[in-house]
$ cat protein03.cif   # mmCIF, C-alpha atoms and all ligand atoms
data_work
loop_
_atom_site.label_atom_id
_atom_site.label_comp_id
_atom_site.auth_asym_id
_atom_site.auth_seq_id
_atom_site.Cartn_x
_atom_site.Cartn_y
_atom_site.Cartn_z
CA MET A 1 -30.28 45.04 -4.48
CA ASP A 2 -27.91 42.93 -2.35
CA SER A 3 -25.06 41.51 -4.33
CA ILE A 4 -24.37 37.78 -4.18
CA LYS A 5 -20.95 36.90 -2.79
CA ALA A 6 -18.72 33.90 -3.43
CA ILE A 7 -18.92 31.01 -0.97
CA LYS A 8 -16.69 31.32 2.10
CA GLY A 9 -13.32 29.67 1.51
CA VAL A 10 -13.87 29.63 -2.25
CA LYS A 11 -11.63 32.17 -3.93
CA ASP A 12 -11.58 33.94 -7.25
CA ILE A 13 -8.20 33.95 -8.93
CA LEU A 14 -8.10 37.39 -10.52
CA PRO A 15 -6.14 38.41 -13.65
CA GLU A 16 -3.32 39.85 -11.53
CA GLU A 17 -2.77 36.40 -10.03
CA THR A 18 -3.33 34.12 -13.02
CA PRO A 19 0.18 34.62 -14.50
CA ARG A 20 1.52 33.29 -11.22
CA TRP A 21 -0.81 30.32 -11.43
CA ARG A 22 0.14 29.61 -15.05
CA PHE A 23 3.79 29.80 -14.07
CA ILE A 24 3.25 27.21 -11.32
CA GLU A 25 1.06 24.98 -13.48
CA ASP A 26 3.56 25.06 -16.34
CA ALA A 27 6.39 24.17 -13.97
CA VAL A 28 4.62 21.21 -12.36
CA LYS A 29 3.57 19.82 -15.74
CA ARG A 30 7.06 20.22 -17.16
CA TRP A 31 8.64 18.41 -14.20
CA ALA A 32 6.07 15.61 -14.21
CA LEU A 33 6.55 14.99 -17.95
CA CYS A 34 10.32 15.09 -17.45
CA TYR A 35 10.03 12.21 -14.97
CA GLY A 36 7.83 10.22 -17.34
CA TYR A 37 4.41 10.93 -15.76
CA GLN A 38 1.41 11.40 -18.03
CA GLU A 39 -1.57 13.60 -17.41
CA ILE A 40 -4.90 12.12 -16.35
CA ARG A 41 -8.06 14.22 -15.96
CA ILE A 42 -10.46 12.70 -13.50
CA PRO A 43 -13.97 13.89 -12.63
CA ILE A 44 -14.69 16.54 -10.03
CA PHE A 45 -17.38 14.37 -8.40
CA GLU A 46 -17.69 10.69 -7.71
CA PHE A 47 -19.82 8.26 -5.72
CA THR A 48 -19.31 8.97 -2.01
CA ALA A 49 -18.48 5.30 -1.45
CA LEU A 50 -15.24 5.72 -3.42
CA PHE A 51 -13.80 8.21 -0.92
CA ALA A 52 -15.27 6.52 2.15
CA ARG A 53 -13.69 3.22 1.15
CA SER A 54 -10.29 4.51 0.06
CA ILE A 55 -9.53 7.40 2.41
CA GLY A 56 -10.99 5.55 5.39
CA SER A 57 -14.04 6.31 7.48
CA ALA A 58 -12.16 7.33 10.64
CA THR A 59 -10.27 10.18 8.98
CA ASP A 60 -10.78 13.95 9.18
CA ILE A 61 -11.60 14.11 5.48
CA VAL A 62 -14.37 11.52 5.54
CA GLU A 63 -15.65 12.33 9.03
CA LYS A 64 -16.09 16.04 8.61
CA GLU A 65 -14.60 17.60 5.48
CA MET A 66 -16.42 16.14 2.48
CA TYR A 67 -18.97 17.97 0.38
CA THR A 68 -21.52 15.21 0.08
CA PHE A 69 -24.98 15.58 -1.42
CA PRO A 70 -27.74 13.38 -2.82
CA ASP A 71 -28.13 13.18 -6.60
CA ARG A 72 -31.68 13.66 -7.87
CA ASP A 73 -32.30 9.93 -7.53
CA GLY A 74 -30.93 9.92 -3.99
CA THR A 75 -27.48 8.39 -4.77
CA SER A 76 -24.84 9.93 -2.55
CA LEU A 77 -22.22 11.93 -4.47
CA THR A 78 -19.16 13.80 -3.22
CA LEU A 79 -16.99 16.58 -4.60
CA ARG A 80 -13.50 15.13 -4.71
CA PRO A 81 -11.44 15.99 -1.59
CA GLU A 82 -8.26 14.61 -3.18
CA GLY A 83 -7.07 13.01 -6.42
CA THR A 84 -5.73 9.57 -5.59
CA ALA A 85 -9.09 7.83 -5.14
CA GLY A 86 -10.37 8.99 -8.55
CA THR A 87 -7.10 8.13 -10.28
CA VAL A 88 -7.14 4.61 -8.83
CA ARG A 89 -10.82 4.22 -9.71
CA ALA A 90 -10.05 5.20 -13.32
CA PHE A 91 -7.02 2.91 -13.39
CA ILE A 92 -9.20 -0.03 -12.38
CA GLU A 93 -12.25 0.91 -14.44
CA HIS A 94 -10.25 1.16 -17.67
CA ASN A 95 -8.40 -2.05 -16.94
CA ARG A 96 -5.08 -0.26 -17.17
CA ALA A 97 -3.36 -3.06 -15.27
CA ALA A 98 -3.66 -5.17 -18.44
CA ASP A 99 -1.20 -2.76 -20.12
CA PRO A 100 2.51 -2.90 -19.33
CA LEU A 101 3.47 -1.62 -15.89
CA PRO A 102 4.73 0.58 -14.37
CA GLN A 103 2.33 3.37 -15.28
CA LYS A 104 2.77 6.88 -14.03
CA TYR A 105 0.09 9.56 -13.91
CA PHE A 106 -0.21 13.16 -12.81
CA TYR A 107 -3.25 15.33 -12.23
CA LEU A 108 -3.93 18.97 -11.55
CA GLY A 109 -7.14 20.61 -10.46
CA PRO A 110 -9.54 21.79 -7.78
CA MET A 111 -10.32 19.77 -4.64
CA PHE A 112 -13.04 20.44 -2.08
CA ARG A 113 -12.99 20.14 1.69
CA HIS A 114 -15.24 21.72 4.28
CA GLU A 115 -12.66 23.35 6.53
CA ARG A 116 -12.35 26.53 8.53
CA PRO A 117 -11.01 28.97 5.92
CA GLN A 118 -7.76 30.78 6.68
CA ALA A 119 -4.54 31.64 4.85
CA GLY A 120 -3.47 28.53 2.94
CA ARG A 121 -6.63 26.62 3.91
CA LEU A 122 -9.61 26.89 1.61
CA ARG A 123 -12.75 24.99 0.82
CA GLN A 124 -11.95 24.90 -2.87
CA PHE A 125 -8.21 24.56 -3.39
CA HIS A 126 -5.93 23.13 -6.05
CA GLN A 127 -3.67 20.15 -6.00
CA PHE A 128 -1.02 18.76 -8.29
CA GLY A 129 -0.35 15.10 -7.66
CA VAL A 130 1.40 12.08 -9.11
CA GLU A 131 0.73 8.35 -8.81
CA SER A 132 3.19 5.66 -9.85
CA PHE A 133 1.58 2.23 -10.26
CA GLY A 134 3.20 -1.15 -10.57
CA THR A 135 6.26 -1.53 -8.40
CA SER A 136 7.12 -1.64 -4.72
CA ASP A 137 10.79 -1.05 -5.55
CA PRO A 138 12.16 1.64 -3.22
CA ARG A 139 13.47 3.44 -6.31
CA ALA A 140 9.88 4.32 -7.19
CA ASP A 141 9.51 5.98 -3.77
CA ILE A 142 12.82 7.77 -4.29
CA GLU A 143 11.65 8.90 -7.74
CA VAL A 144 8.43 10.54 -6.55
CA ILE A 145 10.21 12.21 -3.64
CA ALA A 146 12.94 13.43 -5.98
CA LEU A 147 10.33 14.82 -8.39
CA LEU A 148 8.65 16.65 -5.53
CA TRP A 149 11.90 17.99 -4.13
CA ARG A 150 13.37 19.08 -7.49
CA LEU A 151 10.15 20.73 -8.53
CA LEU A 152 9.75 22.76 -5.33
CA SER A 153 13.44 23.67 -5.38
CA ASP A 154 13.13 24.77 -9.01
CA LEU A 155 10.31 27.08 -7.97
CA ALA A 156 12.75 28.50 -5.41
CA LEU A 157 10.39 27.98 -2.50
CA PRO A 158 12.16 29.00 0.72
CA ASP A 159 13.07 26.86 3.75
CA LEU A 160 11.76 23.49 2.70
CA THR A 161 12.07 20.45 4.94
CA LEU A 162 11.40 16.91 3.81
CA GLU A 163 10.09 14.78 6.66
CA ILE A 164 9.92 11.06 6.19
CA ASN A 165 8.70 8.01 8.07
CA SER A 166 7.80 4.41 7.46
CA LEU A 167 4.36 3.09 8.30
CA GLY A 168 5.50 -0.49 7.75
CA THR A 169 3.30 -3.28 6.46
CA SER A 170 -0.31 -3.60 7.56
CA GLY A 171 0.89 -6.44 9.79
CA ASP A 172 3.41 -4.07 11.39
CA ARG A 173 0.66 -1.57 12.11
CA THR A 174 -1.66 -4.23 13.49
CA ALA A 175 1.10 -5.34 15.88
CA TYR A 176 1.96 -1.75 16.81
CA LYS A 177 -1.56 -0.48 17.48
CA PRO A 178 -2.04 -2.26 20.85
CA ILE A 179 1.42 -1.07 21.93
CA LEU A 180 0.47 2.50 21.08
CA LEU A 181 -3.00 2.13 22.53
CA ALA A 182 -1.54 0.94 25.86
CA PHE A 183 0.60 4.07 25.95
CA LEU A 184 -2.30 6.34 24.97
CA SER A 185 -4.57 4.80 27.61
CA GLN A 186 -2.01 5.74 30.26
CA HIS A 187 -1.96 9.34 29.02
CA LYS A 188 -5.61 9.63 28.10
CA SER A 189 -6.33 12.56 30.43
CA LEU A 190 -3.81 14.73 28.53
CA LEU A 191 -5.38 14.14 25.11
CA CYS A 192 -7.92 16.36 23.36
CA GLU A 193 -11.50 15.19 23.11
CA ASN A 194 -11.10 14.24 19.45
CA CYS A 195 -8.07 12.06 20.22
CA ARG A 196 -9.76 10.40 23.19
CA ARG A 197 -12.51 9.38 20.83
CA ARG A 198 -10.37 8.24 17.91
CA MET A 199 -7.65 6.48 19.91
CA ASN A 200 -9.85 3.41 19.84
CA THR A 201 -10.87 3.60 16.18
CA ASN A 202 -7.62 4.92 14.68
CA PRO A 203 -4.88 5.33 17.34
CA LEU A 204 -2.20 6.28 14.80
CA ARG A 205 -4.07 9.48 14.04
CA VAL A 206 -3.42 10.67 17.59
CA LEU A 207 0.29 10.97 16.70
CA ASP A 208 -0.71 13.34 13.89
CA CYS A 209 -2.86 15.62 16.07
CA LYS A 210 -1.92 19.30 15.84
CA VAL A 211 -3.17 20.17 19.36
CA PRO A 212 -0.05 21.08 21.42
CA GLY A 213 -1.27 19.10 24.47
CA CYS A 214 -1.56 15.95 22.37
CA GLN A 215 1.84 16.53 20.80
CA ALA A 216 3.44 16.86 24.23
CA ALA A 217 1.56 13.85 25.57
CA THR A 218 2.73 11.61 22.73
CA GLU A 219 6.32 12.90 22.70
CA SER A 220 7.62 9.71 24.27
CA ALA A 221 5.12 7.34 22.64
CA PRO A 222 6.57 4.10 21.29
CA LYS A 223 7.70 4.55 17.68
CA LEU A 224 6.32 2.50 14.83
CA THR A 225 9.78 2.56 13.26
CA ASP A 226 11.08 0.60 16.29
CA HIS A 227 8.56 -2.13 15.49
CA LEU A 228 9.09 -2.59 11.74
CA SER A 229 9.35 -6.02 10.14
CA SER A 230 12.63 -6.71 8.37
CA GLU A 231 10.84 -6.29 5.01
CA ALA A 232 9.69 -2.78 5.92
CA ARG A 233 12.98 -1.88 7.62
CA THR A 234 14.98 -2.89 4.53
CA HIS A 235 12.63 -0.98 2.23
CA PHE A 236 12.86 2.14 4.37
CA ASP A 237 16.66 1.95 4.60
CA GLN A 238 16.88 1.66 0.81
CA VAL A 239 14.67 4.72 0.35
CA LEU A 240 16.84 6.72 2.76
CA ALA A 241 20.05 5.53 1.07
CA GLY A 242 18.65 6.60 -2.30
CA LEU A 243 17.81 10.07 -1.02
CA LEU A 244 21.31 10.35 0.36
CA ALA A 245 22.77 9.31 -3.01
CA LEU A 246 20.72 12.02 -4.75
CA GLY A 247 21.70 14.63 -2.19
CA ILE A 248 18.13 15.21 -1.05
CA PRO A 249 18.15 16.16 2.64
CA TYR A 250 15.54 14.64 4.92
CA THR A 251 14.48 14.62 8.56
CA LEU A 252 13.13 11.46 10.17
CA ASN A 253 9.76 12.09 11.77
CA PRO A 254 8.43 8.99 13.54
CA ARG A 255 5.09 10.73 14.19
CA LEU A 256 4.32 11.33 10.53
CA VAL A 257 1.33 9.08 9.92
CA ARG A 258 -0.72 11.19 7.46
CA GLY A 259 -4.46 11.67 7.51
CA LEU A 260 -5.41 9.01 4.98
CA ASP A 261 -5.74 5.36 5.80
CA TYR A 262 -4.35 3.91 2.59
CA TYR A 263 -0.67 4.61 3.24
CA CYS A 264 1.93 1.91 4.05
CA PHE A 265 5.73 1.82 4.04
CA THR A 266 7.08 5.24 3.01
CA SER A 267 5.23 8.31 4.22
CA PHE A 268 6.55 11.84 3.67
CA GLU A 269 5.65 15.48 3.89
CA ILE A 270 7.31 18.71 2.80
CA THR A 271 6.90 21.66 5.13
CA SER A 272 8.10 25.23 5.15
CA THR A 273 8.53 27.65 8.01
CA HIS A 274 7.17 30.36 5.68
CA LEU A 275 3.62 29.07 5.81
CA GLY A 276 2.69 29.69 9.45
CA ALA A 277 0.18 27.25 10.89
CA GLN A 278 -0.58 25.65 7.52
CA ASN A 279 3.02 24.57 7.09
CA ALA A 280 2.59 21.55 4.81
CA VAL A 281 3.23 22.18 1.12
CA GLY A 282 2.73 18.62 0.02
CA ALA A 283 2.69 15.07 1.19
CA GLY A 284 2.48 11.53 -0.01
CA GLY A 285 3.52 7.97 0.43
CA ARG A 286 3.12 4.41 -0.63
CA TYR A 287 -0.32 2.80 -0.87
CA ASP A 288 0.21 -0.78 -1.94
CA GLY A 289 -3.22 -2.03 -0.86
CA LEU A 290 -5.42 0.67 -2.33
CA VAL A 291 -5.94 -0.68 -5.86
CA GLU A 292 -7.11 -3.97 -4.36
CA THR A 293 -9.27 -2.23 -1.74
CA LEU A 294 -11.09 -0.47 -4.57
CA GLY A 295 -11.76 -3.73 -6.39
CA GLY A 296 -8.74 -3.97 -8.67
CA PRO A 297 -5.81 -6.38 -8.81
CA SER A 298 -3.04 -6.25 -6.23
CA ILE A 299 -0.81 -3.49 -7.59
CA PRO A 300 1.60 -1.47 -5.47
CA ALA A 301 1.70 2.29 -5.89
CA VAL A 302 3.29 5.43 -4.53
CA GLY A 303 2.48 9.12 -5.00
CA PHE A 304 2.13 12.59 -3.56
CA ALA A 305 -0.03 15.71 -3.77
CA ILE A 306 0.89 19.34 -3.24
CA GLY A 307 -1.35 22.29 -2.50
CA LEU A 308 -0.91 24.95 -5.14
CA GLU A 309 -2.34 27.80 -3.02
CA ARG A 310 0.47 27.18 -0.55
CA VAL A 311 3.03 27.03 -3.37
CA SER A 312 1.68 30.35 -4.63
CA LEU A 313 1.94 31.92 -1.16
CA MET A 314 5.61 30.98 -1.04
CA LEU A 315 6.62 31.70 -4.62
CA PRO A 316 9.19 34.51 -4.82
CA ASN A 317 7.93 37.53 -6.73
CA THR A 318 10.92 37.85 -8.99
CA SER A 319 10.14 35.93 -12.12
CA SER A 320 9.30 38.06 -15.17
CA SER A 321 6.83 35.42 -16.32
CA LEU A 322 4.69 36.43 -13.35
CA ARG A 323 3.60 39.43 -15.41
CA ASN A 324 0.80 39.52 -17.84
CA ASN A 325 1.57 42.38 -20.15
CA CYS A 326 1.06 42.84 -23.85
CA LEU A 327 4.00 43.71 -26.05
CA TYR A 328 2.40 46.48 -28.14
CA TYR A 329 -0.03 49.27 -27.43
CA VAL A 330 -1.53 50.61 -30.65
CA ALA A 331 -2.39 54.31 -30.43
CA ALA A 332 -4.49 55.02 -33.52
CA PHE A 333 -6.16 58.38 -33.93
CA GLY A 334 -7.60 60.59 -36.64
CA GLU A 335 -9.99 59.23 -39.24
CA LYS A 336 -7.49 57.39 -41.46
CA GLY A 337 -5.19 56.45 -38.57
CA THR A 338 -8.06 54.87 -36.63
CA ALA A 339 -9.15 52.84 -39.65
CA LEU A 340 -5.62 51.58 -40.28
CA GLY A 341 -5.04 50.97 -36.56
CA LEU A 342 -7.78 48.36 -36.59
CA VAL A 343 -5.96 46.46 -39.35
CA LEU A 344 -2.57 46.87 -37.69
CA LEU A 345 -3.85 45.39 -34.40
CA ASP A 346 -5.23 42.41 -36.27
CA GLU A 347 -1.95 41.89 -38.17
CA LEU A 348 0.17 42.03 -35.03
CA ARG A 349 -2.04 39.49 -33.31
CA ARG A 350 -2.10 37.19 -36.31
CA ALA A 351 1.70 37.29 -36.27
CA GLY A 352 1.54 36.08 -32.66
CA LEU A 353 2.57 39.44 -31.17
CA SER A 354 0.38 40.45 -28.24
CA ALA A 355 -1.22 43.83 -28.79
CA GLN A 356 -3.96 45.97 -27.32
CA SER A 357 -5.59 49.36 -27.66
CA ASP A 358 -8.19 51.46 -25.91
CA TYR A 359 -11.02 52.15 -28.36
CA ARG A 360 -12.31 55.01 -26.22
CA ALA A 361 -9.16 57.08 -26.67
CA THR A 362 -9.39 59.45 -29.62
CA THR A 363 -6.48 61.80 -28.89
CA LEU A 364 -2.78 61.12 -28.69
CA LYS A 365 -2.76 62.34 -25.10
CA ALA A 366 -5.46 59.89 -24.02
CA HIS A 367 -3.64 57.07 -25.79
CA LEU A 368 -0.35 57.91 -24.10
CA ARG A 369 -2.00 57.67 -20.72
CA GLN A 370 -3.50 54.31 -21.57
CA ALA A 371 -0.26 53.02 -23.09
CA ASP A 372 1.47 53.87 -19.85
CA ARG A 373 -1.17 52.12 -17.74
CA SER A 374 -1.12 49.06 -19.97
CA LYS A 375 2.57 48.43 -19.13
CA CYS A 376 3.15 47.42 -22.76
CA ARG A 377 6.75 47.34 -23.87
CA TYR A 378 6.15 49.35 -27.07
CA ALA A 379 3.67 51.90 -28.28
CA ILE A 380 2.84 52.30 -31.94
CA PHE A 381 1.55 55.74 -32.96
CA LEU A 382 -0.59 55.85 -36.04
CA GLY A 383 -2.33 59.15 -36.89
CA ASP A 384 -3.58 60.56 -40.17
CA ASP A 385 -0.06 61.82 -41.15
CA GLU A 386 1.43 58.36 -40.65
CA ALA A 387 -1.50 56.76 -42.47
CA VAL A 388 -0.89 59.00 -45.50
CA ARG A 389 2.88 58.37 -45.47
CA GLY A 390 2.47 54.63 -44.91
CA SER A 391 4.60 54.73 -41.79
CA ILE A 392 4.25 54.37 -38.05
CA ILE A 393 6.09 55.72 -35.02
CA LEU A 394 7.41 53.06 -32.67
CA ARG A 395 8.29 54.04 -29.14
CA ASP A 396 10.07 51.90 -26.61
CA LEU A 397 8.13 52.57 -23.41
CA GLU A 398 10.81 51.17 -21.15
P1 LIG B 401 -3.22 19.72 6.44
O1 LIG B 401 -2.44 19.02 7.50
O2 LIG B 401 -2.67 21.07 6.11
O3 LIG B 401 -4.70 19.71 6.68
P2 LIG B 401 -3.59 17.41 4.80
O4 LIG B 401 -2.80 16.37 5.46
O5 LIG B 401 -5.06 17.44 4.99
O6 LIG B 401 -2.98 18.86 5.12
P3 LIG B 401 -3.25 16.27 2.17
O7 LIG B 401 -4.57 15.63 2.14
O8 LIG B 401 -2.05 15.42 2.31
O9 LIG B 401 -3.25 17.44 3.26
O10 LIG B 401 -3.08 17.19 0.88
C1 LIG B 401 -1.80 17.52 0.34
C2 LIG B 401 -1.60 19.01 0.30
O11 LIG B 401 -2.77 19.69 -0.16
C3 LIG B 401 -1.34 19.65 1.66
O12 LIG B 401 0.01 19.52 2.02
C4 LIG B 401 -1.70 21.10 1.40
O13 LIG B 401 -0.65 21.79 0.75
C5 LIG B 401 -2.85 20.97 0.43
N1 LIG B 401 -4.13 21.14 1.14
C6 LIG B 401 -4.82 20.24 1.85
N2 LIG B 401 -5.97 20.76 2.32
C7 LIG B 401 -6.00 22.05 1.87
C8 LIG B 401 -6.94 23.13 2.00
N3 LIG B 401 -8.08 22.98 2.66
N4 LIG B 401 -6.64 24.31 1.41
C9 LIG B 401 -5.49 24.48 0.73
N5 LIG B 401 -4.58 23.50 0.56
C10 LIG B 401 -4.82 22.30 1.12
MG MG B 402 -6.29 18.47 6.30
#
$ encode --input "protein03.cif" --output "structure tokens"
Amino acid sequence: MDSIKAIKGVKDILPEETPRWRFIEDAVKRWALCYGYQEIRIPIFEFTALFARSIGSATDIVEKEMYTFPDRDGTSLTLRPEGTAGTVRAFIEHNRAADPLPQKYFYLGPMFRHERPQAGRLRQFHQFGVESFGTSDPRADIEVIALLWRLLSDLALPDLTLEINSLGTSGDRTAYKPILLAFLSQHKSLLCENCRRRMNTNPLRVLDCKVPGCQAATESAPKLTDHLSSEARTHFDQVLAGLLALGIPYTLNPRLVRGLDYYCFTSFEITSTHLGAQNAVGAGGRYDGLVETLGGPSIPAVGFAIGLERVSLMLPNTSSSLRNNCLYYVAAFGEKGTALGLVLLDELRRAGLSAQSDYRATTLKAHLRQADRSKCRYAIFLGDDEAVRGSIILRDLE
């Protein structure tokens, strides 16, 4: 019979890789808690309207990447493509704004986007993200960027660059769009088909296009940062000054507009040259209007999300916690030894000491082979002689 395969772009994480994943997950949780963020667990699927309204209809995610399907009654549902929309929905639904602000959340889990699968780009992938609700103070922006930077540095990821930009207020963007559009119209023939289409619906996205022709064409485009209001300019300068004070290096990138519509003011991305084409490890920014857009009160917020597959691809292989091995291999043989071995295994485990055995092995030789394969630190030999004497033989396998 034909075997059934996993869906394209949806990967199994096998036991050899799970220690690596636990290591990453433990690190991100530890860092988030250290900065005062608390875990929230939001659903895997939501009403489609939530993502359409928050992420924006003229974005790659909503236009072509969402897994959307009708529920049995016909209601349109979507597998979450990101975590901010659900977190904000929960924040509003549970009336969290009535509790003292600021409130800081983190989440961790699978996201779903219909993309062309390749290294570092999957259809089911994992994100860790944080959201800080309740203040537009630039120190909140600095805090989330610092958390992101310290965390990735702690994981010893190589060659990281923090790119940062300001998207200004919505008024700044409204004033800037015709300026950009005038420029784009002059260079329309150089743009890709996608950009020619979206320059009228969402001209900022053209700056973000990865097609080399579009990047070259928009090289000398007018910069949003040259058209910021004094409010946005001051905010941005304070964020940059804070990063400088913390010793976090950054590169200004006036083209960094991000693929989601809800961002304003600070926008940032961390990239690495080690990731090839999929060079973004994580990204985020401020989204002061989103809570209100989703039907809540006007509450400013800032956050980021990182892709854990890309973190895993970059994680150095050195840490000992990336291994999975048991401490003891119990080699029990002979009639009495085998009976006692069963009890010994149970006692070790109850004492919190990891232990394993191969129940198929009946000879010392077979056990030795298995002990070696198991990569346990110690082997315990327990045959009939030992059982009679009430002793064991302990061997350090290293
Ligand atoms: P990209 O430019 O790589 O498509 P994005 O702008 O769509 O990224 P975000 O929505 O900001 O990404 O998500 C934050 C992070 O999540 C990314 O920096 C990346 O590490 C990760 N990510 C996004 N999409 C995928 C995917 N399909 N597979 C694996 N990781 C992903
Ligand atoms: Mg994308």
$ residues_around --input "protein03.cif" --residues "stretch 277-291 of chain A" --least-positions-apart "3" --cutoff "7 Å" --atoms "only C-alpha atoms" --output "tab-separated table (two decimals) with C-alpha atoms, in the coordinates of the input"
chain	number	residue	atom	x	y	z
A	54	SER	CA	-10.29	4.51	0.06
A	88	VAL	CA	-7.14	4.61	-8.83
A	120	GLY	CA	-3.47	28.53	2.94
A	262	TYR	CA	-4.35	3.91	2.59
A	263	TYR	CA	-0.67	4.61	3.24
A	264	CYS	CA	1.93	1.91	4.05
A	265	PHE	CA	5.73	1.82	4.04
A	266	THR	CA	7.08	5.24	3.01
A	267	SER	CA	5.23	8.31	4.22
A	268	PHE	CA	6.55	11.84	3.67
A	269	GLU	CA	5.65	15.48	3.89
A	270	ILE	CA	7.31	18.71	2.80
A	271	THR	CA	6.90	21.66	5.13
A	272	SER	CA	8.10	25.23	5.15
A	273	THR	CA	8.53	27.65	8.01
A	294	LEU	CA	-11.09	-0.47	-4.57
A	295	GLY	CA	-11.76	-3.73	-6.39
A	296	GLY	CA	-8.74	-3.97	-8.67
A	297	PRO	CA	-5.81	-6.38	-8.81
A	298	SER	CA	-3.04	-6.25	-6.23
A	299	ILE	CA	-0.81	-3.49	-7.59
A	300	PRO	CA	1.60	-1.47	-5.47
A	301	ALA	CA	1.70	2.29	-5.89
A	302	VAL	CA	3.29	5.43	-4.53
A	303	GLY	CA	2.48	9.12	-5.00
A	304	PHE	CA	2.13	12.59	-3.56
A	305	ALA	CA	-0.03	15.71	-3.77
A	306	ILE	CA	0.89	19.34	-3.24
A	307	GLY	CA	-1.35	22.29	-2.50
A	310	ARG	CA	0.47	27.18	-0.55
A	311	VAL	CA	3.03	27.03	-3.37
$ residues_around --input "protein03.cif" --residues "stretch 20-29 of chain A" --least-positions-apart "2" --cutoff "12 Å" --atoms "only C-alpha atoms" --output "PyMOL selection string"
chain A and resi 13-18+31-40+105-109+126-130+147-157+305-324
$ closest_atom_pairs --input "protein03.cif" --of "chain A" --to "ligand MG 402 (chain B)" --cutoff "10 Å" --atoms "all atoms listed in the file" --output "JSON lines"
{"residue": "A:Thr59", "atom": "CA", "partner": "B:MG402", "partner_atom": "MG", "distance": 9.6}
{"residue": "A:Asp60", "atom": "CA", "partner": "B:MG402", "partner_atom": "MG", "distance": 7.0}
{"residue": "A:Ile61", "atom": "CA", "partner": "B:MG402", "partner_atom": "MG", "distance": 6.9}
{"residue": "A:Glu65", "atom": "CA", "partner": "B:MG402", "partner_atom": "MG", "distance": 8.4}
{"residue": "A:Pro81", "atom": "CA", "partner": "B:MG402", "partner_atom": "MG", "distance": 9.7}
{"residue": "A:Arg113", "atom": "CA", "partner": "B:MG402", "partner_atom": "MG", "distance": 8.3}
{"residue": "A:His114", "atom": "CA", "partner": "B:MG402", "partner_atom": "MG", "distance": 9.7}
{"residue": "A:Glu115", "atom": "CA", "partner": "B:MG402", "partner_atom": "MG", "distance": 8.0}
{"residue": "A:Arg121", "atom": "CA", "partner": "B:MG402", "partner_atom": "MG", "distance": 8.5}
{"residue": "A:Arg258", "atom": "CA", "partner": "B:MG402", "partner_atom": "MG", "distance": 9.2}
{"residue": "A:Gly259", "atom": "CA", "partner": "B:MG402", "partner_atom": "MG", "distance": 7.1}
{"residue": "A:Leu260", "atom": "CA", "partner": "B:MG402", "partner_atom": "MG", "distance": 9.6}
{"residue": "A:Gln278", "atom": "CA", "partner": "B:MG402", "partner_atom": "MG", "distance": 9.3}
{"residue": "A:Ala280", "atom": "CA", "partner": "B:MG402", "partner_atom": "MG", "distance": 9.5}
$ closest_residue --input "protein03.cif" --among "A:Asp208, A:Gly168, A:Ile145, A:Glu46" --to "ligand LIG 401 (chain B)" --atoms "only C-alpha atoms and all ligand atoms"
A:Asp208
$ closest_residue --input "protein03.cif" --among "A:Pro19, A:Pro102, A:Gly74, A:Pro117" --to "ligand LIG 401 (chain B)" --atoms "all atoms listed in the file"
A:Pro117
$ closest_residue --input "protein03.cif" --among "A:Ile179, A:Leu243, A:Ala232, A:Val257" --to "ligand LIG 401 (chain B)" --atoms "all atoms listed in the file"
A:Val257
$ atom_distance --input "protein03.cif" --atom1 "atom CA of A:Ser189" --atom2 "atom CA of A:Lys223"
20.6 Å
$ closest_residue --input "protein03.cif" --among "A:Gly390, A:Thr169, A:Gln370, A:Ala58" --to "A:Ser230" --atoms "only C-alpha atoms"
A:Thr169
$ closest_residue --input "protein03.cif" --among "A:Leu191, A:Leu184, A:Leu275, A:Leu167" --to "ligand LIG 401 (chain B)" --atoms "only C-alpha atoms and all ligand atoms"
A:Leu275
$ atom_distance --input "protein03.cif" --atom1 "atom CA of A:Leu240" --atom2 "atom O9 of ligand LIG 401 (chain B)"
22.8 Å
$ closest_residue --input "protein03.cif" --among "A:Lys11, A:Arg196, A:Arg395, A:His367" --to "ligand LIG 401 (chain B)" --atoms "only C-alpha atoms and all ligand atoms"
A:Lys11
$ decode --input "protein03.cif" --residues "stretch 134-138 of chain A" --atoms "N, CA, C and O atoms" --output "short mmCIF file (atom, residue, chain, number, x, y, z; two decimals), in the first residue's frame"
data_model
loop_
_atom_site.label_atom_id
_atom_site.label_comp_id
_atom_site.auth_asym_id
_atom_site.auth_seq_id
_atom_site.Cartn_x
_atom_site.Cartn_y
_atom_site.Cartn_z
N GLY A 134 0.01 49.32 26.55
CA GLY A 134 -0.31 50.34 27.54
C GLY A 134 0.53 51.58 27.54
O GLY A 134 0.20 52.52 28.26
N THR A 135 1.63 51.63 26.79
CA THR A 135 2.38 52.87 26.79
C THR A 135 3.03 53.12 25.44
O THR A 135 3.49 52.18 24.78
N SER A 136 3.06 54.39 25.05
CA SER A 136 3.76 54.74 23.82
C SER A 136 5.15 55.29 24.14
O SER A 136 5.86 55.77 23.26
N ASP A 137 5.54 55.20 25.41
CA ASP A 137 6.87 55.67 25.82
C ASP A 137 7.94 54.93 25.02
O ASP A 137 7.89 53.71 24.90
N PRO A 138 8.90 55.68 24.47
CA PRO A 138 9.96 55.02 23.68
C PRO A 138 10.72 53.95 24.47
O PRO A 138 11.30 53.04 23.88
#
